[in-house]
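Chemist: Quick one: this structure, given as structure tokens, is what I'll be asking you about.
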Amino acid sequence: MAENAKLTSAEQIVVKFTGDSGDGMQLIGNQLTALAALDGNDVNSLPDYPSEIRAPAGTIAGVSGFQMCLGDHKIYTAGDAPDVLVGFNPAAVKHSAKFVKAGGMIITNSDSFTEKALEKIGYSGNPLEDGTLSGYDVKAIPMTTLVREALAEMEMPIAAKDRCKNFFTMGVLCWLFNKNKQLVLDFIQQKFGPKATKPLLKVAQANTLAFKAGLNYGETTIMFQERYDLGAAQIEKGLYRNITGNDAAALAIAAAGEKAGLQPFIGSYPITPATDLLHYASEFKDVDLVTMQMEDEIAGICTAVGASCAGNLAFTTTSGPGLALKTEAAGLALMLEVPLVIVNVQRGGPSTGLPTKTEQSDLLQSMYGRNGDSYMPIIAANNPADCFDATFQAAKIALKYRTPVIVLTDGYIGQGSCPWKVPKMDELEDLKPYVNFWIPEAHKGEEYVSYKRDPETLARDWAIPGTKGCQHRIGSLEKDETGAVSHDPLVHQQMTEFRKAKVDNLAQVLPEVEVNGKKSNKILVISWGGTFGAVKGAVDRLIADGKPVSGINLRWVWPFPPNLGEIISRFDKVLVPELNMGQLSLMLRAKFLVDVQSLSKVQGDPFREFEVIDKVNEMLGE
Amino acid sequence: MADTQLTKKYFASDAEVKWCPGCGDFAIMNAVRSGMVAAGKPRDEVAIVSGIGCSSRFPYYMETYGFHTIHGRAAAVASGLKVANTDLDVWVISGDGDSTAIGGNHFIHAIRRNLDLNYVMINNKIYGLTKGQYSPTSEVGQYSKTSPYGVLDYPMDPLKVAVSLGGTFVARGIDKNMKLNEEVCVRGALHKGFSMMEIYANCVIYNEGAHDKLTNKEEGANFHIILRDGEKMIFGVNSQYCLVQDGFGVKAVKVENANQADILVHDEKDAEMAAILSGMRPDNGLPIALGVIYADDRKKTYDDMVYEQIDAVKQKRGRTMDQIMQEGHTWTV
């Protein structure tokens with residue numbers, strides 16, 4: 001009975017959903033994320049799905065997952081081992097039980113444990129009964145039966161009824177985590193209700209019934225001894241929205257265009273896991289965002305280069321193999337010295353690699369993957385919400401320095417979500433001062449010279465087609481200041497140095513890196529991009545435990561921030577956890593001649609805090 | 001800018017032209033300048049985009065905005081440029097290798113989209129800048145540095161490709177026929193939509209005489225036909241041949257043997273016939289078609305549709321950036 005279940009306060013709960021891909025794991029995961037966020041928790045989530053759209057049902061290969069961490073404090077990752085696993089079928093339970101915390105809870109649909117289903121995954125007995133899962137607190141709920149009973153009065157196909165089990169589960173979880181049920185009811189109405197067509201109204205009604213059945217099930221059975229209550233997190237005041245990294249980047253593109261007073265333009269080609277960015281951005285026609293889905297990755301970036309040449313604020317979006325294809329055209333933008341932002345949502349490589357899994361292995365490609373001496377700034381987003389700011393900043397730097405800029409995100413933060421404090425357009429930095437097209441009216445008595453440079457930024461004077469009297473030729477060949485083709489050895493030396501210095505100069509205006517912890521210590525852990533959360537969480541815990549550890553995060557991965565070398569010199573040891581074989585470590589070693597230790601992981605999965613903590617303890621000899 | 005000032009010289013830059021003496025590209029540049037004069041845009045509203053190759057040096061010789069890009073990608077760069085600023089008169093200058101080999105994908109999709117671009121493909125059936133290798137338009141058996149025993153690949157016919165993709169303006173010129181090239185470029189410049197202009201050029205160094213069969217004074221006219229809308233398709237040194245229907249195709253017969261009523265009349269808007277005309281070759285007993293093979297500007301251009309769609313979405317949704325950012329599940333802390 002309800003009164004039997006004790007309400008325990010918790011600081012954070014990690015929940016993992018697994019089921020057949022196509023069973024709506026991402027959907028239910030996102031719903032719980034939204035529910036927790038609406039209820040004041042901080043949340044971070046990570047979808048995890050196979051590359052096959054519909055792998056065979058009930059098989060291990062077809063298991064799709066979604067992990068999230070909700071807490072009463074700032075949450076930096078989707079959490080380590082789950083406290084609660086919701087596995088919708090035997091395959092899902094078999095696949096994910098091993099990840100669950102010892103003694104953790106496994107909620108499953110007992111109706112799905114049929115002989116046939118068990119046979120498919122090679123079980124001879126029933127793990128719910130034979131002690132296989134004895135180390136866990138298993139809640140075997142006959143979901144299918146209960147949902148069908150709850151919807152007995154509804155006239156709809158059985159298959160449609162069965163799909164409502166996700167909302168039944170939401171009901172159980174809403175009760176288990178002591179969440180505000182009204183938020184879910186409102187959500188169902190919003191999604192399937194007023195504006196929806198008639199068949200959807202039925203769906204709304206069915207889902208409402210299933211949800212209430214789930215709530216009641218939690219309240220009235222004696223299955224649960226405990227329920228959890230999470231307080232609201234201390235979060236900066238403002239309007240919030242749960243957002244994925246890809247969606248945040250799409251918004252930043254449109255916002256940057258508006259703040260620059262330029263038409264935003266995306267030339268792109270679909271590629272996992274960056275495609276969602278293009279999907280969402282394609283809806284923004286009403287704010288003048290032009291999206292061209294081109295015939296290939298190369299055309300994607302080339303149209304963006306063309307649009308930039310005409311004075312649009314141009315972007316191209318991609319993932320690893322796509323970045324490889326864009327290489328030559330990225331060099332063209334660099335040679336033309338026009339602004340361009342390349343958003344690369346990294347995935348497991350090389351080649352096709354692990355399309356749906358995360359990795360940070362395009363850093364060296366971004367850094368060195370072009371012919372010639374061709375440096376360009378690289379900014380890495382820390383978390384899903386930060387993709388907005390990182391992309392916006394990239395646009396600013398691209399304009400200011402007339403250079404291509406690479407934004408590195410990854411599958412984890414591109415598809416993961418977290419609450420985002422929605423900025424007002426008025427609050428965002430005005431980018432118009434950085435546009436600064438060369439127009440004759442502002443340069444009375446001067447001739448336009450296409451590669452004449454600003455002495456401070458080294459950005460070249462930029463006149464776009466249509467500017468009266470400024471017609472000129474630029475191209476991919478080496479040229480002198482006037483833009484005329486030049487094979488003079490000294491001109492090439494000088495222009496190569498200019499192009500490098502332009503990027504190096506950026507370091508001088510980058511914000512200094514802030515150290516988390518003591519400024520001088522035994523171990524410095526350096527994060528970049530998607531490792532930010534796990535490193536921040538790990539270092540916070542290590543510091544709380546009194547360990548001589550500090551942490552920093554690199555937002556601009558190239559050029560390095562101005563005080564980085566000096567910070568590094570104050571530590572005995574430096575550790576860089578990366579989802580690659582040590583790419584940033586290599587760059588840091590080369591730049592600062594320090595014996596950086598690399599914690600490398602390439603398993604398609606982000607770091608867990610404990611992995612960083614274990615490594616630090618090992619380095620401390622503990 | 002008054003129209004009177006738009007002359008060919010007005011579009012010429014003062015850069016020294018570095019093509020080989022006798023190169024067919026000189027004549028083609030002259031024709032393109034005529035096209036620009038006809039289009040009537042001042043030179044600071046004209047942009048030329050090129051890829052890589054001898055022909056792609058073109059922008060440097062023109063007093064317009066010019067973008068010398070990378071091998072094969074001119075069509076893609078120009079597509080972005082045109083969509084970003086539809087007021088510009090945008091020309092793409094490319095070669096056979098640039099367009100049909102490394103840039104084949106962009107070439108076909110630019111035609112398919114019907115962007116309002118003027119696309120000049122200078123076809124000399126050889127790679128010149130890399131000093132003499134065969135290209136996708138080289139003839140079977142052609143000798144080059146990479147085909148010392150003769151080319152094995154069958155050639156591509158770029159205009160047949162253009163017609164099959166629904167190209168809205170398809171024309172061919174040849175360097176020796178200056179007047180025709182001017183006509184082609186002027187028509188192409190005035191056409192709204194993708195204007196595909198293939199111009200045969202002689203490479204005096206690596207493929208000298210590639211088009212002699214068509215251009216020699218004695219019998220060249222027997223191997224090509226100059227098409228004119230509404231006129232009978234008659235050709236030959238003495239206008240002795242004509243084209244007549246032959247099942248689903250056409251055949252060349254002597255005028256004296258043809259029934260006058262059977263001689264085909266060229267209709268620029270006939271896409272079915274354009275598919276046949278664009279693929280005619282002397283080795284099939286048919287003349288190479290020169291002039292405007294197909295022209296129809298009833299199809300909307302991609303660039304116009306981009307902005308029509310933007311206007312429609314503005315009408316329908318009309319959100320501000322703030323509204324978009326505040327969509328979805330929001331909550332206030």
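Ligands are numbered from 1 in the order shown, chains are lettered A, B, ... in the order of the structure tokens, and residues start at 1 in each chain.
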Hey, could you make a per-residue contact list for chain B against chain A with 7 Å as the cut-off, showing the nearest pair of atoms and its distance in Å to one decimal, counting only C-alpha atoms, sorted by chain and number, as a Markdown table?
Modeler:
```
| residue | atom | partner | partner_atom | distance |
| --- | --- | --- | --- | --- |
| B:Asp44 | CA | A:Gln471 | CA | 5.2 |
| B:Glu45 | CA | A:Gly466 | CA | 4.5 |
| B:Ala47 | CA | A:Pro465 | CA | 6.8 |
| B:Pro59 | CA | A:Arg473 | CA | 6.8 |
| B:Tyr60 | CA | A:Arg473 | CA | 6.0 |
| B:Glu63 | CA | A:Gln471 | CA | 6.6 |
| B:Thr64 | CA | A:Gln471 | CA | 5.0 |
| B:Tyr65 | CA | A:Gln471 | CA | 4.6 |
| B:Gly66 | CA | A:Arg473 | CA | 4.3 |
| B:Phe67 | CA | A:Gly475 | CA | 5.3 |
| B:His68 | CA | A:Gly475 | CA | 4.2 |
| B:Thr69 | CA | A:Ser476 | CA | 5.4 |
| B:Ile70 | CA | A:Ser476 | CA | 6.6 |
| B:Arg73 | CA | A:Cys302 | CA | 6.8 |
| B:Ala76 | CA | A:Thr303 | CA | 5.1 |
| B:Val77 | CA | A:Gly306 | CA | 4.3 |
| B:Ala78 | CA | A:Gly306 | CA | 5.8 |
| B:Ser79 | CA | A:Thr303 | CA | 5.9 |
| B:Gly80 | CA | A:Thr303 | CA | 3.9 |
| B:Leu81 | CA | A:Gly306 | CA | 4.3 |
| B:Ala84 | CA | A:Ala307 | CA | 5.0 |
| B:Asn85 | CA | A:Ala310 | CA | 6.3 |
| B:His106 | CA | A:Ala299 | CA | 6.8 |
| B:His109 | CA | A:Glu295 | CA | 6.8 |
| B:Ile310 | CA | A:Lys285 | CA | 5.1 |
| B:Val313 | CA | A:Asp286 | CA | 5.4 |
| B:Lys314 | CA | A:Asp286 | CA | 4.4 |
| B:Arg317 | CA | A:Asp286 | CA | 6.7 |
| B:Gly318 | CA | A:Asp286 | CA | 5.4 |
| B:Arg319 | CA | A:Asp286 | CA | 6.2 |
| B:Thr320 | CA | A:Val287 | CA | 6.5 |
| B:Met321 | CA | A:Val287 | CA | 6.5 |
| B:Asp322 | CA | A:Met425 | CA | 6.1 |
| B:Met325 | CA | A:Val422 | CA | 6.6 |
| B:Gln326 | CA | A:Val422 | CA | 6.8 |
| B:His329 | CA | A:Arg241 | CA | 5.8 |
| B:Thr330 | CA | A:Arg241 | CA | 4.4 |
| B:Trp331 | CA | A:Tyr240 | CA | 5.2 |
| B:Thr332 | CA | A:Leu239 | CA | 4.4 |
| B:Val333 | CA | A:Lys237 | CA | 4.9 |
```
Chemist: Include N, CA and C atoms and write out the residues we just selected as a compact mmCIF listing (two decimals), in the first residue's frame.
Modeler:
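Now in again.txt:
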```
# COMPACT_ATOMS: atom_id res chain seq x y z
N ASP B 44 30.17 45.26 -61.45
CA ASP B 44 30.27 44.96 -60.01
C ASP B 44 29.04 44.20 -59.49
N GLU B 45 28.17 43.81 -60.43
CA GLU B 45 27.06 42.92 -60.05
C GLU B 45 27.17 41.59 -60.79
N ALA B 47 29.44 38.04 -61.12
CA ALA B 47 30.44 37.19 -60.48
C ALA B 47 30.73 35.99 -61.37
N PRO B 59 38.38 33.87 -64.67
CA PRO B 59 37.96 35.03 -63.87
C PRO B 59 39.02 36.12 -63.78
N TYR B 60 40.29 35.72 -63.77
CA TYR B 60 41.35 36.72 -63.62
C TYR B 60 41.38 37.71 -64.79
N GLU B 63 36.95 41.89 -65.66
CA GLU B 63 36.83 42.97 -64.68
C GLU B 63 35.47 42.86 -63.97
N THR B 64 35.29 41.75 -63.27
CA THR B 64 34.06 41.51 -62.49
C THR B 64 34.52 40.94 -61.16
N TYR B 65 33.57 40.57 -60.31
CA TYR B 65 33.97 39.77 -59.15
C TYR B 65 34.32 38.38 -59.66
N GLY B 66 35.39 37.83 -59.14
CA GLY B 66 35.81 36.52 -59.64
C GLY B 66 36.27 35.62 -58.51
N PHE B 67 35.90 34.34 -58.62
CA PHE B 67 36.28 33.36 -57.60
C PHE B 67 36.85 32.12 -58.28
N HIS B 68 38.15 31.99 -58.17
CA HIS B 68 38.84 30.84 -58.74
C HIS B 68 38.90 29.80 -57.63
N THR B 69 38.09 28.76 -57.71
CA THR B 69 37.93 27.88 -56.54
C THR B 69 38.81 26.63 -56.64
N ILE B 70 38.23 25.47 -56.42
CA ILE B 70 39.00 24.22 -56.41
C ILE B 70 38.42 23.27 -57.45
N ARG B 73 34.52 21.97 -58.21
CA ARG B 73 33.50 22.45 -57.27
C ARG B 73 32.86 23.79 -57.65
N ALA B 76 29.08 24.06 -57.30
CA ALA B 76 28.58 24.09 -55.92
C ALA B 76 28.82 25.45 -55.28
N VAL B 77 30.01 26.00 -55.49
CA VAL B 77 30.30 27.33 -54.93
C VAL B 77 29.36 28.37 -55.54
N ALA B 78 29.19 28.27 -56.85
CA ALA B 78 28.31 29.24 -57.53
C ALA B 78 26.87 29.10 -57.07
N SER B 79 26.45 27.87 -56.76
CA SER B 79 25.07 27.66 -56.28
C SER B 79 24.84 28.43 -54.98
N GLY B 80 25.81 28.34 -54.08
CA GLY B 80 25.69 29.07 -52.81
C GLY B 80 25.71 30.57 -53.03
N LEU B 81 26.60 30.99 -53.91
CA LEU B 81 26.74 32.43 -54.19
C LEU B 81 25.44 33.01 -54.75
N ALA B 84 22.63 33.01 -52.22
CA ALA B 84 22.87 34.04 -51.20
C ALA B 84 22.57 35.44 -51.73
N ASN B 85 22.80 35.67 -53.01
CA ASN B 85 22.49 36.98 -53.59
C ASN B 85 21.97 36.79 -55.01
N HIS B 106 28.42 17.63 -58.86
CA HIS B 106 27.88 18.99 -58.69
C HIS B 106 27.26 19.49 -59.98
N HIS B 109 23.79 17.94 -60.49
CA HIS B 109 22.76 18.41 -59.54
C HIS B 109 22.46 19.89 -59.72
N ILE B 310 10.53 30.93 -48.37
CA ILE B 310 10.77 31.73 -47.16
C ILE B 310 9.59 32.68 -46.92
N VAL B 313 6.60 30.69 -45.64
CA VAL B 313 6.72 30.28 -44.23
C VAL B 313 6.54 31.49 -43.32
N LYS B 314 7.03 32.64 -43.77
CA LYS B 314 6.84 33.86 -42.98
C LYS B 314 5.35 34.17 -42.83
N ARG B 317 3.92 30.98 -40.60
CA ARG B 317 4.37 30.84 -39.21
C ARG B 317 4.82 32.16 -38.62
N GLY B 318 5.65 32.87 -39.36
CA GLY B 318 6.03 34.23 -38.99
C GLY B 318 6.56 34.39 -37.58
N ARG B 319 7.33 33.43 -37.12
CA ARG B 319 7.86 33.53 -35.76
C ARG B 319 9.05 34.48 -35.72
N THR B 320 9.29 35.03 -34.57
CA THR B 320 10.53 35.77 -34.38
C THR B 320 11.54 34.79 -33.79
N MET B 321 12.80 35.20 -33.80
CA MET B 321 13.84 34.35 -33.24
C MET B 321 13.57 34.07 -31.75
N ASP B 322 13.13 35.09 -31.03
CA ASP B 322 12.80 34.88 -29.62
C ASP B 322 11.70 33.83 -29.46
N MET B 325 13.10 30.37 -30.06
CA MET B 325 13.93 29.87 -28.97
C MET B 325 13.08 29.47 -27.76
N GLN B 326 11.92 30.11 -27.63
CA GLN B 326 11.09 29.83 -26.45
C GLN B 326 10.04 28.76 -26.71
N HIS B 329 8.88 22.70 -24.47
CA HIS B 329 8.63 22.68 -23.04
C HIS B 329 9.48 23.71 -22.35
N THR B 330 8.91 24.75 -21.87
CA THR B 330 9.73 25.73 -21.15
C THR B 330 9.22 25.84 -19.72
N TRP B 331 10.06 26.28 -18.86
CA TRP B 331 9.68 26.52 -17.47
C TRP B 331 10.52 27.66 -16.92
N THR B 332 10.00 28.29 -15.91
CA THR B 332 10.70 29.43 -15.34
C THR B 332 11.23 29.08 -13.96
N VAL B 333 12.47 29.39 -13.74
CA VAL B 333 13.06 29.16 -12.41
C VAL B 333 13.03 30.47 -11.67
```
Chemist: Running DSSP on the backbone, which parts of region 95-313 of chain B land in alpha helix (DSSP H), as a ChimeraX atom specification?
Modeler: /B:96-97,104-113,158-164,178-190,212-215,271-277,302-313
Chemist: What's around region 53-67 of chain A at 10 Å? Count only C-alpha atoms, leave out sequence neighbours fewer than 6 positions away in its own chain, and write the answer as an mmCIF file with N, CA and C atoms, in the first residue's frame.
Modeler:
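File part_38.cif, as written:
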```cif
data_model
loop_
_atom_site.group_PDB
_atom_site.id
_atom_site.type_symbol
_atom_site.label_atom_id
_atom_site.label_comp_id
_atom_site.auth_asym_id
_atom_site.auth_seq_id
_atom_site.Cartn_x
_atom_site.Cartn_y
_atom_site.Cartn_z
ATOM 1 N N VAL A 14 20.127 8.032 -11.207
ATOM 2 C CA VAL A 14 20.466 7.725 -12.594
ATOM 3 C C VAL A 14 19.484 6.672 -13.106
ATOM 4 N N VAL A 15 18.829 6.978 -14.200
ATOM 5 C CA VAL A 15 17.832 6.070 -14.762
ATOM 6 C C VAL A 15 18.261 5.692 -16.172
ATOM 7 N N LYS A 16 18.128 4.432 -16.491
ATOM 8 C CA LYS A 16 18.411 4.001 -17.863
ATOM 9 C C LYS A 16 17.185 3.276 -18.404
ATOM 10 N N PHE A 17 16.797 3.649 -19.625
ATOM 11 C CA PHE A 17 15.714 2.953 -20.319
ATOM 12 C C PHE A 17 16.325 2.111 -21.423
ATOM 13 N N THR A 18 15.904 0.849 -21.529
ATOM 14 C CA THR A 18 16.311 0.066 -22.696
ATOM 15 C C THR A 18 15.120 -0.708 -23.223
ATOM 16 N N GLY A 19 15.121 -0.901 -24.526
ATOM 17 C CA GLY A 19 14.033 -1.627 -25.174
ATOM 18 C C GLY A 19 14.388 -1.811 -26.633
ATOM 19 N N ASP A 20 13.416 -2.298 -27.407
ATOM 20 C CA ASP A 20 13.676 -2.424 -28.844
ATOM 21 C C ASP A 20 13.836 -1.043 -29.456
ATOM 22 N N SER A 21 14.771 -0.941 -30.413
ATOM 23 C CA SER A 21 14.867 0.347 -31.109
ATOM 24 C C SER A 21 13.552 0.477 -31.874
ATOM 25 N N GLY A 22 12.944 1.619 -31.785
ATOM 26 C CA GLY A 22 11.628 1.768 -32.390
ATOM 27 C C GLY A 22 10.521 1.622 -31.356
ATOM 28 N N ASP A 23 10.902 1.227 -30.133
ATOM 29 C CA ASP A 23 9.921 1.087 -29.062
ATOM 30 C C ASP A 23 9.706 2.395 -28.306
ATOM 31 N N GLY A 24 10.414 3.428 -28.743
ATOM 32 C CA GLY A 24 10.177 4.734 -28.133
ATOM 33 C C GLY A 24 11.025 5.014 -26.908
ATOM 34 N N MET A 25 12.232 4.423 -26.846
ATOM 35 C CA MET A 25 13.099 4.663 -25.680
ATOM 36 C C MET A 25 13.522 6.131 -25.599
ATOM 37 N N GLN A 26 13.860 6.698 -26.775
ATOM 38 C CA GLN A 26 14.305 8.093 -26.786
ATOM 39 C C GLN A 26 13.159 9.003 -26.326
ATOM 40 N N LEU A 27 11.956 8.616 -26.764
ATOM 41 C CA LEU A 27 10.783 9.424 -26.448
ATOM 42 C C LEU A 27 10.495 9.426 -24.942
ATOM 43 N N ILE A 28 10.472 8.239 -24.372
ATOM 44 C CA ILE A 28 10.151 8.170 -22.941
ATOM 45 C C ILE A 28 11.283 8.801 -22.132
ATOM 46 N N GLY A 29 12.504 8.595 -22.597
ATOM 47 C CA GLY A 29 13.650 9.210 -21.919
ATOM 48 C C GLY A 29 13.538 10.717 -21.926
ATOM 49 N N ASN A 30 13.220 11.251 -23.094
ATOM 50 C CA ASN A 30 13.090 12.705 -23.196
ATOM 51 C C ASN A 30 11.930 13.223 -22.343
ATOM 52 N N THR A 33 13.068 13.330 -18.828
ATOM 53 C CA THR A 33 14.011 14.441 -18.724
ATOM 54 C C THR A 33 13.246 15.751 -18.573
ATOM 55 N N ASN A 44 20.715 15.661 -17.070
ATOM 56 C CA ASN A 44 21.598 15.485 -18.206
ATOM 57 C C ASN A 44 21.284 14.111 -18.771
ATOM 58 N N SER A 45 21.233 13.998 -20.088
ATOM 59 C CA SER A 45 20.809 12.725 -20.644
ATOM 60 C C SER A 45 21.656 12.316 -21.832
ATOM 61 N N LEU A 46 21.614 11.035 -22.118
ATOM 62 C CA LEU A 46 22.419 10.478 -23.211
ATOM 63 C C LEU A 46 21.648 9.373 -23.926
ATOM 64 N N PRO A 47 21.248 9.631 -25.140
ATOM 65 C CA PRO A 47 20.616 8.556 -25.909
ATOM 66 C C PRO A 47 21.681 7.593 -26.412
ATOM 67 N N THR A 77 26.777 15.105 -16.108
ATOM 68 C CA THR A 77 26.755 13.979 -17.059
ATOM 69 C C THR A 77 25.461 13.202 -16.887
ATOM 70 N N ALA A 78 25.286 12.220 -17.761
ATOM 71 C CA ALA A 78 24.107 11.361 -17.645
ATOM 72 C C ALA A 78 24.312 10.293 -16.569
ATOM 73 N N GLY A 79 25.383 10.417 -15.790
ATOM 74 C CA GLY A 79 25.573 9.546 -14.636
ATOM 75 C C GLY A 79 26.392 8.307 -14.929
ATOM 76 N N ASP A 80 26.865 7.689 -13.870
ATOM 77 C CA ASP A 80 27.647 6.468 -13.998
ATOM 78 C C ASP A 80 26.706 5.261 -14.062
ATOM 79 N N ALA A 81 26.770 4.385 -13.046
ATOM 80 C CA ALA A 81 25.916 3.196 -13.058
ATOM 81 C C ALA A 81 24.475 3.591 -12.718
ATOM 82 N N PRO A 82 23.510 3.084 -13.463
ATOM 83 C CA PRO A 82 22.114 3.436 -13.190
ATOM 84 C C PRO A 82 21.635 2.919 -11.825
ATOM 85 N N VAL A 84 18.326 2.917 -11.447
ATOM 86 C CA VAL A 84 17.093 2.280 -11.906
ATOM 87 C C VAL A 84 17.239 1.959 -13.394
ATOM 88 N N LEU A 85 16.989 0.693 -13.716
ATOM 89 C CA LEU A 85 16.947 0.317 -15.131
ATOM 90 C C LEU A 85 15.505 -0.012 -15.484
ATOM 91 N N VAL A 86 15.001 0.594 -16.533
ATOM 92 C CA VAL A 86 13.701 0.193 -17.046
ATOM 93 C C VAL A 86 13.977 -0.561 -18.336
ATOM 94 N N GLY A 87 13.874 -1.882 -18.275
ATOM 95 C CA GLY A 87 14.152 -2.710 -19.451
ATOM 96 C C GLY A 87 12.863 -3.318 -19.937
ATOM 97 N N PHE A 88 12.483 -2.982 -21.172
ATOM 98 C CA PHE A 88 11.128 -3.344 -21.600
ATOM 99 C C PHE A 88 10.974 -4.785 -22.089
ATOM 100 N N ASN A 89 12.076 -5.491 -22.310
ATOM 101 C CA ASN A 89 11.954 -6.890 -22.737
ATOM 102 C C ASN A 89 13.178 -7.680 -22.258
ATOM 103 N N PRO A 90 13.182 -8.995 -22.409
ATOM 104 C CA PRO A 90 14.304 -9.792 -21.893
ATOM 105 C C PRO A 90 15.643 -9.362 -22.497
ATOM 106 N N ALA A 91 15.655 -9.050 -23.792
ATOM 107 C CA ALA A 91 16.909 -8.648 -24.431
ATOM 108 C C ALA A 91 17.444 -7.377 -23.781
ATOM 109 N N ALA A 92 16.536 -6.450 -23.517
ATOM 110 C CA ALA A 92 16.930 -5.169 -22.924
ATOM 111 C C ALA A 92 17.495 -5.383 -21.520
ATOM 112 N N VAL A 93 16.889 -6.279 -20.779
ATOM 113 C CA VAL A 93 17.363 -6.555 -19.421
ATOM 114 C C VAL A 93 18.712 -7.260 -19.474
ATOM 115 N N LYS A 94 18.811 -8.234 -20.372
ATOM 116 C CA LYS A 94 20.074 -8.972 -20.490
ATOM 117 C C LYS A 94 21.200 -8.007 -20.879
ATOM 118 N N HIS A 95 20.887 -7.128 -21.830
ATOM 119 C CA HIS A 95 21.875 -6.179 -22.347
ATOM 120 C C HIS A 95 22.372 -5.229 -21.259
ATOM 121 N N SER A 96 21.467 -4.763 -20.405
ATOM 122 C CA SER A 96 21.804 -3.625 -19.550
ATOM 123 C C SER A 96 21.919 -3.904 -18.061
ATOM 124 N N SER A 112 6.604 -9.709 -21.210
ATOM 125 C CA SER A 112 7.462 -9.889 -22.380
ATOM 126 C C SER A 112 8.407 -11.085 -22.219
ATOM 127 N N LYS A 116 9.456 -17.845 -26.130
ATOM 128 C CA LYS A 116 10.015 -17.503 -27.438
ATOM 129 C C LYS A 116 11.025 -16.366 -27.319
ATOM 130 N N ALA A 117 10.628 -15.346 -26.546
ATOM 131 C CA ALA A 117 11.505 -14.182 -26.390
ATOM 132 C C ALA A 117 12.795 -14.557 -25.679
ATOM 133 N N LEU A 118 12.668 -15.451 -24.696
ATOM 134 C CA LEU A 118 13.850 -15.863 -23.931
ATOM 135 C C LEU A 118 14.781 -16.700 -24.803
ATOM 136 N N LYS A 120 15.167 -16.449 -27.957
ATOM 137 C CA LYS A 120 15.822 -15.546 -28.916
ATOM 138 C C LYS A 120 17.149 -15.009 -28.377
ATOM 139 N N ILE A 121 17.225 -14.849 -27.078
ATOM 140 C CA ILE A 121 18.465 -14.300 -26.529
ATOM 141 C C ILE A 121 19.250 -15.377 -25.779
ATOM 142 N N GLY A 122 18.885 -16.638 -26.003
ATOM 143 C CA GLY A 122 19.685 -17.743 -25.502
ATOM 144 C C GLY A 122 19.504 -18.057 -24.020
ATOM 145 N N GLY A 416 22.440 14.271 -26.739
ATOM 146 C CA GLY A 416 22.024 14.333 -25.345
ATOM 147 C C GLY A 416 21.319 15.649 -25.096
#
```
Chemist: Excluding Tyr127 (chain B) and residues on its chain fewer than 4 positions from it, collect all residues at most 12 Å away from it, counting only C-alpha atoms, and give them as a ChimeraX atom specification.
Modeler: /B:52-55,94-102,122-123,131-138,144-146,202-203,205-207
Chemist: If you run DSSP on the backbone, which residues of region 71-242 of chain B are strand (DSSP E), as a VMD selection string?
Modeler: chain B and resid 89 to 95 118 to 123 169 to 174 195 to 200 224 to 227 234 to 235 241 to 242
Chemist: Would you work out the distance separating CA of Asn617 (chain A) from CA of Ala538 (chain A), expressed in Å to one decimal?
Modeler: 11.0 Å
Chemist: To one decimal in Å, tell me the separation between CA of Lys161 (chain A) and CA of Ile107 (chain A).
Modeler: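 Interatomic distance here is 20.0 Å.
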Chemist: Quick one: distance from CA of His492 (chain A) to CA of Gly372 (chain A) in Å, one decimal?
Modeler: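 Computing it gives 11.4 Å between the two atoms.
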Chemist: Check the smallest atom-to-atom distance from each of A:Leu277, A:Ala5, A:Leu323, A:Cys174 to Thr220 (chain A) using only C-alpha atoms, then report the winner.
Modeler: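 Answer, going by the shortest atom-to-atom distance: A:Ala5.
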Chemist: Which is closest to Ser319 (chain A) among A:Val407, A:Lys191, A:Val184, A:Ala381, if we use only C-alpha atoms?
Modeler: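 Among the listed residues, A:Val407 lies closest to Ser319 (chain A).
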Chemist: As a list in words, please: the residues near region 562-575 of chain A (cut-off 7 Å, only C-alpha atoms, same-chain neighbours under 5 positions excluded).
Modeler: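 My reading of the contact set: Ala507, Gln508, Glu512, Val513, Ser520, Asn521, Lys522, Ile523, Leu524, Val525, Ile526, Phe592, Val596, Gln597, Ser598 and Leu599 of chain A.
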Chemist: Go through A:Ser282, A:Asn246, A:Asn436, A:Thr317 and flag the residue nearest Gln415 (chain A), using only C-alpha atoms for the distances.
Modeler: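 Selected residue with least distance to Gln415 (chain A): A:Asn246.
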Chemist: Of the candidates B:Asp267, B:Val163, B:Asp297, B:Arg187, which one gets nearest to Val37 (chain B) if we count only C-alpha atoms?
Modeler: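 Once distances to Val37 (chain B) are computed over only C-alpha atoms, the minimum belongs to B:Arg187.
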Chemist: Tell me which protein, DNA and RNA residues are within 12 Å of Pro489 (chain A), counting only C-alpha atoms, leaving out same-chain ones fewer than 6 positions away, and put them as a PyMOL selection string.
Modeler: chain A and resi 478-480+495-496
